[in-house]
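Participant: Questions regarding the structure given below will be posed in turn.
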Amino acid sequence: MDIRYRSAFALAKDIKAQTLSSLAVLEYFLSRVEQFNPTLNAVVALDIENAKARATAADNAAANGEDWGPLHGVPVTIKDALCTAGLVTVGGIPECKDHIPEGNATAVQHYLDAGAIVFGKTNVPFMSSDLQSYNDIYGTTNNPWNTERTCGGSSGGAAAAVAAGLTPLEIGSDIGGSIRTPSHFNGVFGHKSSFGIVSQQGHLPPGESTLSESDLSVIGPIGTCVDDLEQALEILCGESGSLSPGWKLALPEASFDDIASLRVAVWADDSFCPVDADIARSITEAGESLQRAGAHVDFNARPDLDPDANHHNYTLLLMSAMGAGMPQAVFDAATQASAAADPSDVSDATLSLRGIAMSHRDWLKQNERRLQTQAAWEQFFQDFDVVLCPSAFVPAFPHDHTPDMQARQLTVNGETRRYTDLLRWSGLTLNTYLPATAVPVGATADGMPVGAQVVSRYMGDRTTLAVARLLEQYHRSFKAPNGY
C-alpha cells in the first residue's frame, strides 16, 4: 500500500485494521527524512528510539483489538514552537538550545491522546516572529518547490515537511499569517481556527509555565487534504487549566446546505495591498470553478470596512501582544521613540513602536475598533457564506535574512514593496478572530504554488472547511513538489 501523501486518518484506520503496521509507517517517514531533509532542513530534531517504542506498542494494541483513537499509531512531526515532553523545544531562541520541556503543549497532548506518535520537530524563526523560517540554532529551512526560496514562517518547517512528504500531519500557530502564508508558499492545506477554540498553552514563546494566552494567536492543523484538517480540528479543540471543567464548544454546522445555496465573495486583489498577478488570477479562477459547480459567486462584493484602518489597528494590537514578552530595554526604547514620532506617521515601523509601548487604556480603545470591524464582517456574512482572498500578496520569494525586517523589500508586478506588507492580507482576517482555511488554488508562471484563504464569520470554522472541501473537489487538490 502506498503510504506517500496518504491521509493521516486513513493511515490510522489501516494501522488499526493491521493492513499497515505503525512501525513500518514510522520507518517510512524516517526514510523520507533521511532522503530529503538534508536539502530542506525542515525537520530539526528527532526522537527515534521513543517513537519506535510507541509504534511497537501501537501495533501490539491493534493486535489486541485496542483503539487508541483516530490517530492510532500515526507518526507526526510538531512545530518547534510547541512544547514536547522529553524532546527538545527551542522555538528558534538561542537561550533555549537545550530546553527539554517536562510536559506537552495542550495541542500536542490532544494529538497524543488521539493515538499519534511524535517523532520529530520542525523549524521556526526566532521566537516564531518572522515569515521566513531560520534561526541561529538550526539554520534555514528551504522550500521543497525551489530550495533557493523561503518556505515561509513561522510554521514554515511544518508546511515544508508536509509538502515534501516527511510527515502526514502537523500543528501550526498563527498570529501574523503563520499557518496561511507557509501553506500558500508550499502548496498545502492549513486551518487558522477561530480565536479561542484551541488552547495555546505550551507555546514557546512564552513557554510551558505561562498560564495566560496571547491575544490574536491561534493554533491549527496543516495537512495535504481537507479531510485531515476537519478531523484534526475536532481533536485540537478544547481548553486547558481552570476553564476546562466547564468548557464546551458547539461550533455551528456549515452555513449552507449544498453548493447551489453557497454564496461566495471573491476578493482577489485590492489597492490597499496589490497582489501578484498570478495569485490574483488563480484566486479568480478558483471562484470561477465554484461558480461553474453551481455556487453564487460575486467578484465585486466587499465588507463595509477600511482595510488600511484595519491594518493600523491590527499592527498596534499585534505588537502590543508580542511586546509583552520583550525585554524592558526594548519597551523603554519603543516608548521613547513613539513619543517622539510625528502623530500623523502611520508607517508600519512607527505603528510597531506604538504597539509595544501602548497603555492598557489605549489598548481598550483599539480593541473597541477591532470589535467594530468584526461587526462589519458579521454584517457582510449575512449575505455571503465565505470570502475567498489572498493569504499573501507574493508567492514564495528568495531567502532574505537582512537583520532589520523593516529594511527588507519584495517585488510584485514590477513594483518594490515593503516586506511587512506580508501582514496585510493575513491581518485583514486575523485581527477580528475570523477562521480561515488555507487552500492551494494554482501556480505561478515559474511553477511556485499559489494558495488562498477561505474566510467566514467568527466560529464559522466548519463553513470555511466545507468550502475548502468543495475547492479541493472542483478546483485543485494537493500536488506534490517535483521529485518528492
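The chains in the C-alpha cells are called A, B, ... from first to last as shown; in each chain the residues are counted from 1, and the ligands are counted from 1 in the order shown.
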DSSP on the backbone, then: every residue of stretch 284-385 of chain A marked alpha helix (DSSP H), written as a PyMOL selection string.
Facilitator: chain A and resi 284-293+307-323+328-340+348-357+360-380
Participant: Using only C-alpha atoms, what does the table of stretch 211-274 of chain A residues within 9 Å of stretch 150-169 of chain A look like, with each row giving the shortest atom pair and its distance in Å to one decimal, sorted by chain and ascending number, as JSON lines?
Facilitator:
```
{"residue": "A:Pro221", "atom": "CA", "partner": "A:Leu169", "partner_atom": "CA", "distance": 7.3}
{"residue": "A:Ile222", "atom": "CA", "partner": "A:Leu169", "partner_atom": "CA", "distance": 6.1}
{"residue": "A:Gly223", "atom": "CA", "partner": "A:Leu169", "partner_atom": "CA", "distance": 5.0}
{"residue": "A:Thr224", "atom": "CA", "partner": "A:Val162", "partner_atom": "CA", "distance": 7.0}
{"residue": "A:Asp228", "atom": "CA", "partner": "A:Leu169", "partner_atom": "CA", "distance": 7.8}
{"residue": "A:Leu229", "atom": "CA", "partner": "A:Leu169", "partner_atom": "CA", "distance": 8.8}
{"residue": "A:Ala232", "atom": "CA", "partner": "A:Leu169", "partner_atom": "CA", "distance": 8.7}
```
Participant: Pick out each residue of stretch 112-237 of chain A that DSSP on the backbone tags as strand (DSSP E); I need them as a PyMOL selection string.
Facilitator: chain A and resi 117-122+134-135+139-140+142-143+146-150+170-174+189-192+218-223
Participant: Fewer than 2 positions away in the same chain doesn't count, so skip those; otherwise give me all residues within 8 Å of stretch 455-459 of chain A, counting only C-alpha atoms, as a ChimeraX atom specification.
Facilitator: /A:194,251-252,377-378,381,385-389,429,432-437,453,461,463-464
Participant: Given the selection you just returned, output its residues as a file containing N, CA, C and O atoms, formatted as a CSV table (one decimal), in the first residue's frame.
Facilitator:
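To be explicit, this is the file written out as part.csv:
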```csv
chain,number,residue,atom,x,y,z
A,194,SER,N,-10.8,29.8,14.6
A,194,SER,CA,-11.4,30.9,15.3
A,194,SER,C,-10.6,31.1,16.6
A,194,SER,O,-10.3,30.1,17.3
A,251,LEU,N,-19.4,24.3,17.8
A,251,LEU,CA,-19.3,25.0,16.5
A,251,LEU,C,-20.5,24.8,15.6
A,251,LEU,O,-21.0,23.7,15.5
A,252,PRO,N,-21.0,25.9,15.0
A,252,PRO,CA,-22.2,25.8,14.1
A,252,PRO,C,-21.8,24.9,12.9
A,252,PRO,O,-20.6,24.9,12.5
A,377,TRP,N,-17.8,42.8,9.5
A,377,TRP,CA,-17.6,41.4,8.9
A,377,TRP,C,-18.9,40.6,9.1
A,377,TRP,O,-19.4,39.9,8.2
A,378,GLU,N,-19.4,40.7,10.3
A,378,GLU,CA,-20.6,39.9,10.7
A,378,GLU,C,-21.8,40.3,9.8
A,378,GLU,O,-22.6,39.5,9.3
A,381,PHE,N,-21.3,38.8,6.3
A,381,PHE,CA,-21.6,37.4,6.3
A,381,PHE,C,-23.1,37.1,6.4
A,381,PHE,O,-23.5,35.9,6.4
A,385,ASP,N,-21.5,33.5,2.6
A,385,ASP,CA,-21.0,32.4,3.5
A,385,ASP,C,-19.5,32.6,3.7
A,385,ASP,O,-19.1,32.4,4.8
A,386,VAL,N,-18.8,32.9,2.7
A,386,VAL,CA,-17.3,33.0,2.8
A,386,VAL,C,-16.8,34.1,1.8
A,386,VAL,O,-17.5,34.5,0.9
A,387,VAL,N,-15.6,34.5,2.1
A,387,VAL,CA,-14.9,35.3,1.2
A,387,VAL,C,-13.6,34.6,0.9
A,387,VAL,O,-13.0,34.0,1.7
A,388,LEU,N,-13.2,34.6,-0.4
A,388,LEU,CA,-12.0,34.0,-0.9
A,388,LEU,C,-11.0,35.1,-1.2
A,388,LEU,O,-11.3,35.9,-2.1
A,389,CYS,N,-9.9,35.1,-0.5
A,389,CYS,CA,-8.9,36.2,-0.7
A,389,CYS,C,-7.5,35.7,-0.6
A,389,CYS,O,-7.3,34.5,-0.1
A,429,THR,N,-8.0,39.4,8.1
A,429,THR,CA,-9.0,38.5,8.7
A,429,THR,C,-8.6,38.0,10.1
A,429,THR,O,-9.5,37.7,10.9
A,432,THR,N,-9.8,40.2,13.5
A,432,THR,CA,-11.1,40.1,14.1
A,432,THR,C,-11.5,38.7,14.5
A,432,THR,O,-12.7,38.3,14.6
A,433,TYR,N,-10.4,37.8,14.6
A,433,TYR,CA,-10.6,36.5,15.2
A,433,TYR,C,-11.2,35.5,14.2
A,433,TYR,O,-11.7,34.4,14.6
A,434,LEU,N,-11.4,35.8,12.9
A,434,LEU,CA,-12.1,35.0,12.0
A,434,LEU,C,-11.4,33.7,11.6
A,434,LEU,O,-10.1,33.7,11.6
A,435,PRO,N,-12.1,32.6,11.4
A,435,PRO,CA,-11.4,31.4,10.9
A,435,PRO,C,-11.1,31.5,9.4
A,435,PRO,O,-11.8,32.2,8.7
A,436,ALA,N,-10.0,30.9,9.0
A,436,ALA,CA,-9.6,30.9,7.6
A,436,ALA,C,-8.9,29.6,7.3
A,436,ALA,O,-8.0,29.2,8.0
A,437,THR,N,-9.4,29.0,6.2
A,437,THR,CA,-8.8,27.7,5.8
A,437,THR,C,-7.9,28.0,4.6
A,437,THR,O,-8.4,28.6,3.6
A,453,GLN,N,-7.0,32.1,1.1
A,453,GLN,CA,-7.6,31.8,2.4
A,453,GLN,C,-9.1,31.9,2.2
A,453,GLN,O,-9.6,32.8,1.5
A,461,ASP,N,-15.8,28.0,11.5
A,461,ASP,CA,-14.8,27.1,11.0
A,461,ASP,C,-15.3,26.0,10.1
A,461,ASP,O,-14.7,25.6,9.1
A,463,THR,N,-17.8,26.1,8.1
A,463,THR,CA,-18.1,26.7,6.9
A,463,THR,C,-16.9,26.8,6.0
A,463,THR,O,-16.9,26.5,4.8
A,464,THR,N,-15.8,27.4,6.5
A,464,THR,CA,-14.6,27.5,5.7
A,464,THR,C,-14.1,26.2,5.3
A,464,THR,O,-13.6,26.0,4.1
```
Participant: Hey, what's within 9 Å of stretch 29-41 of chain A if we count only C-alpha atoms and toss same-chain stuff fewer than 4 positions away? As a PDB file with all heavy atoms, in the first residue's frame, please?
Facilitator:
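New file part_27.pdb:
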```pdb
ATOM      1  N   ILE A   3       2.081   4.639   1.005  1.00  0.00           N
ATOM      2  CA  ILE A   3       1.936   5.492   2.185  1.00  0.00           C
ATOM      3  C   ILE A   3       2.089   6.966   1.820  1.00  0.00           C
ATOM      4  O   ILE A   3       1.497   7.832   2.458  1.00  0.00           O
ATOM      5  CB  ILE A   3       2.993   5.094   3.247  1.00  0.00           C
ATOM      6  CG1 ILE A   3       2.750   3.646   3.713  1.00  0.00           C
ATOM      7  CG2 ILE A   3       2.971   6.051   4.441  1.00  0.00           C
ATOM      8  CD1 ILE A   3       3.848   3.128   4.631  1.00  0.00           C
ATOM      9  N   ARG A   4       2.859   7.243   0.777  1.00  0.00           N
ATOM     10  CA  ARG A   4       3.200   8.618   0.435  1.00  0.00           C
ATOM     11  C   ARG A   4       1.962   9.492   0.227  1.00  0.00           C
ATOM     12  O   ARG A   4       1.097   9.185  -0.581  1.00  0.00           O
ATOM     13  CB  ARG A   4       4.064   8.645  -0.825  1.00  0.00           C
ATOM     14  CG  ARG A   4       4.571  10.022  -1.199  1.00  0.00           C
ATOM     15  CD  ARG A   4       5.506   9.968  -2.384  1.00  0.00           C
ATOM     16  NE  ARG A   4       4.899   9.294  -3.537  1.00  0.00           N
ATOM     17  CZ  ARG A   4       5.438   9.285  -4.750  1.00  0.00           C
ATOM     18  NH1 ARG A   4       6.608   9.868  -4.945  1.00  0.00           N
ATOM     19  NH2 ARG A   4       4.843   8.663  -5.740  1.00  0.00           N
ATOM     20  N   ALA A  24       6.143   0.212  10.556  1.00  0.00           N
ATOM     21  CA  ALA A  24       6.507   0.337   9.138  1.00  0.00           C
ATOM     22  C   ALA A  24       6.234   1.748   8.627  1.00  0.00           C
ATOM     23  O   ALA A  24       7.021   2.300   7.851  1.00  0.00           O
ATOM     24  CB  ALA A  24       5.745  -0.683   8.308  1.00  0.00           C
ATOM     25  N   VAL A  25       5.132   2.349   9.077  1.00  0.00           N
ATOM     26  CA  VAL A  25       4.805   3.711   8.668  1.00  0.00           C
ATOM     27  C   VAL A  25       5.837   4.684   9.227  1.00  0.00           C
ATOM     28  O   VAL A  25       6.300   5.593   8.522  1.00  0.00           O
ATOM     29  CB  VAL A  25       3.382   4.095   9.123  1.00  0.00           C
ATOM     30  CG1 VAL A  25       3.090   5.559   8.825  1.00  0.00           C
ATOM     31  CG2 VAL A  25       2.343   3.209   8.429  1.00  0.00           C
ATOM     32  N   ILE A  48      13.829   9.136  17.718  1.00  0.00           N
ATOM     33  CA  ILE A  48      13.603   7.866  17.026  1.00  0.00           C
ATOM     34  C   ILE A  48      13.340   6.719  18.001  1.00  0.00           C
ATOM     35  O   ILE A  48      12.404   5.923  17.812  1.00  0.00           O
ATOM     36  CB  ILE A  48      14.804   7.547  16.114  1.00  0.00           C
ATOM     37  CG1 ILE A  48      14.925   8.624  15.026  1.00  0.00           C
ATOM     38  CG2 ILE A  48      14.642   6.159  15.488  1.00  0.00           C
ATOM     39  CD1 ILE A  48      16.158   8.470  14.152  1.00  0.00           C
ATOM     40  N   PRO A  75       2.654   8.411  12.946  1.00  0.00           N
ATOM     41  CA  PRO A  75       3.801   9.253  13.307  1.00  0.00           C
ATOM     42  C   PRO A  75       3.629  10.656  12.733  1.00  0.00           C
ATOM     43  O   PRO A  75       3.253  10.823  11.570  1.00  0.00           O
ATOM     44  CB  PRO A  75       4.985   8.533  12.660  1.00  0.00           C
ATOM     45  CG  PRO A  75       4.407   7.734  11.552  1.00  0.00           C
ATOM     46  CD  PRO A  75       2.992   7.423  11.908  1.00  0.00           C
ATOM     47  N   VAL A  76       3.910  11.665  13.540  1.00  0.00           N
ATOM     48  CA  VAL A  76       3.783  13.059  13.109  1.00  0.00           C
ATOM     49  C   VAL A  76       4.967  13.870  13.632  1.00  0.00           C
ATOM     50  O   VAL A  76       5.596  13.502  14.623  1.00  0.00           O
ATOM     51  CB  VAL A  76       2.468  13.709  13.614  1.00  0.00           C
ATOM     52  CG1 VAL A  76       1.253  12.961  13.094  1.00  0.00           C
ATOM     53  CG2 VAL A  76       2.440  13.808  15.138  1.00  0.00           C
ATOM     54  N   PHE A 119       7.544  12.032  16.367  1.00  0.00           N
ATOM     55  CA  PHE A 119       8.886  11.534  16.091  1.00  0.00           C
ATOM     56  C   PHE A 119       9.887  12.641  15.765  1.00  0.00           C
ATOM     57  O   PHE A 119      11.080  12.375  15.647  1.00  0.00           O
ATOM     58  CB  PHE A 119       8.866  10.496  14.958  1.00  0.00           C
ATOM     59  CG  PHE A 119       8.655  11.049  13.567  1.00  0.00           C
ATOM     60  CD1 PHE A 119       9.729  11.405  12.771  1.00  0.00           C
ATOM     61  CD2 PHE A 119       7.377  11.187  13.042  1.00  0.00           C
ATOM     62  CE1 PHE A 119       9.557  11.883  11.485  1.00  0.00           C
ATOM     63  CE2 PHE A 119       7.183  11.665  11.764  1.00  0.00           C
ATOM     64  CZ  PHE A 119       8.284  12.020  10.974  1.00  0.00           C
ATOM     65  N   THR A 122       9.831  20.489  13.778  1.00  0.00           N
ATOM     66  CA  THR A 122      10.083  21.222  12.543  1.00  0.00           C
ATOM     67  C   THR A 122      10.449  22.675  12.829  1.00  0.00           C
ATOM     68  O   THR A 122       9.998  23.269  13.799  1.00  0.00           O
ATOM     69  CB  THR A 122       8.863  21.150  11.615  1.00  0.00           C
ATOM     70  OG1 THR A 122       7.678  21.515  12.333  1.00  0.00           O
ATOM     71  CG2 THR A 122       8.704  19.745  11.048  1.00  0.00           C
ATOM     72  N   ASN A 123      11.228  23.247  11.936  1.00  0.00           N
ATOM     73  CA  ASN A 123      11.898  24.520  12.183  1.00  0.00           C
ATOM     74  C   ASN A 123      10.961  25.725  12.176  1.00  0.00           C
ATOM     75  O   ASN A 123       9.926  25.733  11.502  1.00  0.00           O
ATOM     76  CB  ASN A 123      12.991  24.737  11.138  1.00  0.00           C
ATOM     77  CG  ASN A 123      14.112  25.613  11.635  1.00  0.00           C
ATOM     78  OD1 ASN A 123      14.323  25.752  12.830  1.00  0.00           O
ATOM     79  ND2 ASN A 123      14.856  26.203  10.704  1.00  0.00           N
ATOM     80  N   TYR A 138      19.325  26.172  14.335  1.00  0.00           N
ATOM     81  CA  TYR A 138      19.103  25.153  13.310  1.00  0.00           C
ATOM     82  C   TYR A 138      19.333  25.633  11.880  1.00  0.00           C
ATOM     83  O   TYR A 138      19.296  24.825  10.950  1.00  0.00           O
ATOM     84  CB  TYR A 138      17.682  24.600  13.428  1.00  0.00           C
ATOM     85  CG  TYR A 138      17.413  23.837  14.703  1.00  0.00           C
ATOM     86  CD1 TYR A 138      16.320  24.142  15.505  1.00  0.00           C
ATOM     87  CD2 TYR A 138      18.244  22.799  15.107  1.00  0.00           C
ATOM     88  CE1 TYR A 138      16.050  23.432  16.667  1.00  0.00           C
ATOM     89  CE2 TYR A 138      17.996  22.084  16.267  1.00  0.00           C
ATOM     90  CZ  TYR A 138      16.895  22.407  17.045  1.00  0.00           C
ATOM     91  OH  TYR A 138      16.639  21.697  18.199  1.00  0.00           O
ATOM     92  N   GLY A 139      19.524  26.920  11.678  1.00  0.00           N
ATOM     93  CA  GLY A 139      19.741  27.410  10.323  1.00  0.00           C
ATOM     94  C   GLY A 139      18.456  27.636   9.557  1.00  0.00           C
ATOM     95  O   GLY A 139      17.388  27.851  10.140  1.00  0.00           O
ATOM     96  N   THR A 140      18.543  27.548   8.231  1.00  0.00           N
ATOM     97  CA  THR A 140      17.468  27.946   7.325  1.00  0.00           C
ATOM     98  C   THR A 140      16.732  26.743   6.759  1.00  0.00           C
ATOM     99  O   THR A 140      17.358  25.756   6.351  1.00  0.00           O
ATOM    100  CB  THR A 140      18.042  28.777   6.162  1.00  0.00           C
ATOM    101  OG1 THR A 140      18.713  29.918   6.683  1.00  0.00           O
ATOM    102  CG2 THR A 140      16.950  29.216   5.198  1.00  0.00           C
ATOM    103  N   THR A 141      15.414  26.839   6.720  1.00  0.00           N
ATOM    104  CA  THR A 141      14.595  25.820   6.064  1.00  0.00           C
ATOM    105  C   THR A 141      14.244  26.291   4.653  1.00  0.00           C
ATOM    106  O   THR A 141      13.837  27.442   4.451  1.00  0.00           O
ATOM    107  CB  THR A 141      13.317  25.545   6.857  1.00  0.00           C
ATOM    108  OG1 THR A 141      13.677  25.077   8.159  1.00  0.00           O
ATOM    109  CG2 THR A 141      12.465  24.493   6.170  1.00  0.00           C
ATOM    110  N   ASN A 142      14.396  25.394   3.683  1.00  0.00           N
ATOM    111  CA  ASN A 142      14.167  25.711   2.279  1.00  0.00           C
ATOM    112  C   ASN A 142      12.803  25.221   1.807  1.00  0.00           C
ATOM    113  O   ASN A 142      12.199  24.320   2.398  1.00  0.00           O
ATOM    114  CB  ASN A 142      15.262  25.077   1.417  1.00  0.00           C
ATOM    115  CG  ASN A 142      16.640  25.576   1.789  1.00  0.00           C
ATOM    116  OD1 ASN A 142      16.837  26.768   2.006  1.00  0.00           O
ATOM    117  ND2 ASN A 142      17.600  24.658   1.884  1.00  0.00           N
ATOM    118  N   ASN A 143      12.355  25.802   0.716  1.00  0.00           N
ATOM    119  CA  ASN A 143      11.070  25.426   0.122  1.00  0.00           C
ATOM    120  C   ASN A 143      11.262  24.217  -0.788  1.00  0.00           C
ATOM    121  O   ASN A 143      12.141  24.228  -1.650  1.00  0.00           O
ATOM    122  CB  ASN A 143      10.534  26.620  -0.682  1.00  0.00           C
ATOM    123  CG  ASN A 143       9.093  26.446  -1.114  1.00  0.00           C
ATOM    124  OD1 ASN A 143       8.733  25.449  -1.722  1.00  0.00           O
ATOM    125  ND2 ASN A 143       8.268  27.422  -0.808  1.00  0.00           N
ATOM    126  N   PRO A 144      10.458  23.159  -0.635  1.00  0.00           N
ATOM    127  CA  PRO A 144      10.653  21.970  -1.477  1.00  0.00           C
ATOM    128  C   PRO A 144      10.379  22.204  -2.961  1.00  0.00           C
ATOM    129  O   PRO A 144      10.825  21.427  -3.805  1.00  0.00           O
ATOM    130  CB  PRO A 144       9.673  20.951  -0.882  1.00  0.00           C
ATOM    131  CG  PRO A 144       8.673  21.757  -0.139  1.00  0.00           C
ATOM    132  CD  PRO A 144       9.404  22.954   0.367  1.00  0.00           C
ATOM    133  N   THR A 147      14.514  25.278  -3.581  1.00  0.00           N
ATOM    134  CA  THR A 147      15.275  25.421  -2.340  1.00  0.00           C
ATOM    135  C   THR A 147      15.971  26.777  -2.225  1.00  0.00           C
ATOM    136  O   THR A 147      16.489  27.105  -1.153  1.00  0.00           O
ATOM    137  CB  THR A 147      16.317  24.305  -2.203  1.00  0.00           C
ATOM    138  OG1 THR A 147      17.161  24.289  -3.357  1.00  0.00           O
ATOM    139  CG2 THR A 147      15.638  22.951  -2.049  1.00  0.00           C
ATOM    140  N   GLY A 157       8.745  25.247   8.681  1.00  0.00           N
ATOM    141  CA  GLY A 157       9.241  23.884   8.697  1.00  0.00           C
ATOM    142  C   GLY A 157       8.114  22.873   8.644  1.00  0.00           C
ATOM    143  O   GLY A 157       8.217  21.833   7.981  1.00  0.00           O
ATOM    144  N   ALA A 160       6.654  22.868   5.010  1.00  0.00           N
ATOM    145  CA  ALA A 160       7.610  22.258   4.087  1.00  0.00           C
ATOM    146  C   ALA A 160       7.679  20.747   4.292  1.00  0.00           C
ATOM    147  O   ALA A 160       7.759  19.976   3.323  1.00  0.00           O
ATOM    148  CB  ALA A 160       8.993  22.888   4.280  1.00  0.00           C
ATOM    149  N   ALA A 161       7.649  20.305   5.558  1.00  0.00           N
ATOM    150  CA  ALA A 161       7.701  18.873   5.855  1.00  0.00           C
ATOM    151  C   ALA A 161       6.473  18.148   5.328  1.00  0.00           C
ATOM    152  O   ALA A 161       6.568  17.040   4.791  1.00  0.00           O
ATOM    153  CB  ALA A 161       7.850  18.657   7.360  1.00  0.00           C
ATOM    154  N   ALA A 164       6.708  18.024   1.461  1.00  0.00           N
ATOM    155  CA  ALA A 164       7.738  17.097   0.993  1.00  0.00           C
ATOM    156  C   ALA A 164       7.443  15.649   1.371  1.00  0.00           C
ATOM    157  O   ALA A 164       8.210  14.750   1.010  1.00  0.00           O
ATOM    158  CB  ALA A 164       9.101  17.504   1.557  1.00  0.00           C
ATOM    159  N   GLY A 165       6.354  15.419   2.087  1.00  0.00           N
ATOM    160  CA  GLY A 165       6.004  14.056   2.485  1.00  0.00           C
ATOM    161  C   GLY A 165       6.895  13.502   3.574  1.00  0.00           C
ATOM    162  O   GLY A 165       7.096  12.286   3.669  1.00  0.00           O
ATOM    163  N   LEU A 166       7.424  14.378   4.433  1.00  0.00           N
ATOM    164  CA  LEU A 166       8.232  13.923   5.567  1.00  0.00           C
ATOM    165  C   LEU A 166       7.369  13.607   6.776  1.00  0.00           C
ATOM    166  O   LEU A 166       7.834  12.969   7.722  1.00  0.00           O
ATOM    167  CB  LEU A 166       9.264  14.990   5.956  1.00  0.00           C
ATOM    168  CG  LEU A 166      10.136  15.572   4.835  1.00  0.00           C
ATOM    169  CD1 LEU A 166      11.211  16.479   5.429  1.00  0.00           C
ATOM    170  CD2 LEU A 166      10.746  14.488   3.983  1.00  0.00           C
ATOM    171  N   THR A 167       6.144  14.047   6.759  1.00  0.00           N
ATOM    172  CA  THR A 167       5.175  13.818   7.829  1.00  0.00           C
ATOM    173  C   THR A 167       3.775  13.914   7.224  1.00  0.00           C
ATOM    174  O   THR A 167       3.572  14.670   6.270  1.00  0.00           O
ATOM    175  CB  THR A 167       5.352  14.852   8.960  1.00  0.00           C
ATOM    176  OG1 THR A 167       4.417  14.572  10.017  1.00  0.00           O
ATOM    177  CG2 THR A 167       5.098  16.267   8.469  1.00  0.00           C
ATOM    178  N   PRO A 168       2.802  13.175   7.763  1.00  0.00           N
ATOM    179  CA  PRO A 168       1.457  13.255   7.202  1.00  0.00           C
ATOM    180  C   PRO A 168       0.597  14.362   7.801  1.00  0.00           C
ATOM    181  O   PRO A 168      -0.460  14.690   7.250  1.00  0.00           O
ATOM    182  CB  PRO A 168       0.869  11.883   7.542  1.00  0.00           C
ATOM    183  CG  PRO A 168       1.543  11.504   8.823  1.00  0.00           C
ATOM    184  CD  PRO A 168       2.936  12.070   8.730  1.00  0.00           C
ATOM    185  N   TYR A 484       9.378  14.629  -5.277  1.00  0.00           N
ATOM    186  CA  TYR A 484       9.044  14.114  -3.957  1.00  0.00           C
ATOM    187  C   TYR A 484       7.978  13.014  -4.008  1.00  0.00           C
ATOM    188  O   TYR A 484       7.585  12.492  -3.004  1.00  0.00           O
ATOM    189  CB  TYR A 484       8.566  15.266  -3.054  1.00  0.00           C
ATOM    190  CG  TYR A 484       9.693  16.216  -2.682  1.00  0.00           C
ATOM    191  CD1 TYR A 484      10.010  17.296  -3.503  1.00  0.00           C
ATOM    192  CD2 TYR A 484      10.448  16.004  -1.534  1.00  0.00           C
ATOM    193  CE1 TYR A 484      11.047  18.153  -3.169  1.00  0.00           C
ATOM    194  CE2 TYR A 484      11.496  16.865  -1.206  1.00  0.00           C
ATOM    195  CZ  TYR A 484      11.781  17.934  -2.031  1.00  0.00           C
ATOM    196  OH  TYR A 484      12.811  18.783  -1.703  1.00  0.00           O
TER     197      TYR A 484
END
```
Participant: Show me, as an MDAnalysis selection string, the residues that have an atom within 12 Å of A:Ser128 when counting only C-alpha atoms, minus same-chain residues fewer than 5 positions from it.
Facilitator: chainID A and resid 79:82 90:93 122:123 133:135 152:157 172:179 203:206 217 322
Participant: For A:Ala396, which residue out of A:Ala8, A:Val412, A:Ala265, A:Leu364 is the nearest one, using only C-alpha atoms?
Facilitator: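 For A:Ala396, the nearest of the given residues is A:Val412.
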Participant: Measure the distance from atom CA of A:Asn313 to atom CA of A:Arg370 in Å and round it to one decimal.
Facilitator: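 Between these atoms lies a distance of 6.9 Å.
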Participant: Any chance you could tabulate, as JSON lines, the residues of stretch 92-181 of chain A at most 10 Å from stretch 240-243 of chain A with each one's nearest atom pair and distance in Å to one decimal, using only C-alpha atoms, in chain and rising number order?
Facilitator:
```
{"residue": "A:Ala105", "atom": "CA", "partner": "A:Ser240", "partner_atom": "CA", "distance": 9.9}
{"residue": "A:Thr106", "atom": "CA", "partner": "A:Ser240", "partner_atom": "CA", "distance": 6.9}
{"residue": "A:Ala107", "atom": "CA", "partner": "A:Ser240", "partner_atom": "CA", "distance": 9.7}
```
Participant: Create the file for the chosen residues now, containing N, CA, C and O atoms and written as a PDB file, in the first residue's frame.
Facilitator:
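What follows is the written file part_33.pdb:
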```
ATOM      1  N   ALA A 105       2.630  20.730  25.155  1.00  0.00           N
ATOM      2  CA  ALA A 105       1.630  21.744  24.863  1.00  0.00           C
ATOM      3  C   ALA A 105       0.271  21.061  24.785  1.00  0.00           C
ATOM      4  O   ALA A 105       0.163  19.886  24.402  1.00  0.00           O
ATOM      5  N   THR A 106      -0.786  21.785  25.141  1.00  0.00           N
ATOM      6  CA  THR A 106      -2.121  21.184  25.144  1.00  0.00           C
ATOM      7  C   THR A 106      -2.476  20.597  23.784  1.00  0.00           C
ATOM      8  O   THR A 106      -3.008  19.486  23.692  1.00  0.00           O
ATOM      9  N   ALA A 107      -2.173  21.324  22.710  1.00  0.00           N
ATOM     10  CA  ALA A 107      -2.495  20.834  21.369  1.00  0.00           C
ATOM     11  C   ALA A 107      -1.733  19.552  21.057  1.00  0.00           C
ATOM     12  O   ALA A 107      -2.286  18.609  20.466  1.00  0.00           O
TER      13      ALA A 107
END
```
Participant: Here is a test: counting only C-alpha atoms, which residue of A:Phe185, A:Phe126, A:Tyr5, A:Phe397 is nearest to A:Arg149?
Facilitator: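 Looking at the shortest contact to A:Arg149, the residue is A:Phe397.
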Participant: Of the residues A:Gly442, A:Pro481, A:Pro303, A:Pro94, which is the one nearest to A:Ala376, using only C-alpha atoms?
Facilitator: A:Pro303
Participant: Find the residues near stretch 295-300 of chain A: any atom within 10 Å, counting only C-alpha atoms, skip ones fewer than 5 places away on the same chain, and give them as an MDAnalysis selection string.
Facilitator: chainID A and resid 258:268 284 287:290 384 386:388
Participant: What's the separation between atom CA of A:Met326 and atom CA of A:Glu208, in Å to one decimal place?
Facilitator: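 Atom CA of A:Glu208 lies at a distance of 17.1 Å from atom CA of A:Met326.
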Participant: Counting only C-alpha atoms, what is within 7 Å of stretch 14-18 of chain A, bar same-chain residues fewer than 3 positions away, as number ranges by chain?
Facilitator: A: 10-11, 21-22, 62, 67, 72-73
Participant: Using only C-alpha atoms, can you tell me which of A:Val124, A:Asp383, A:Asp227, A:Ser214 comes closest to A:Ala324?
Facilitator: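 With only C-alpha atoms as the atom set, the closest residue is A:Ser214.
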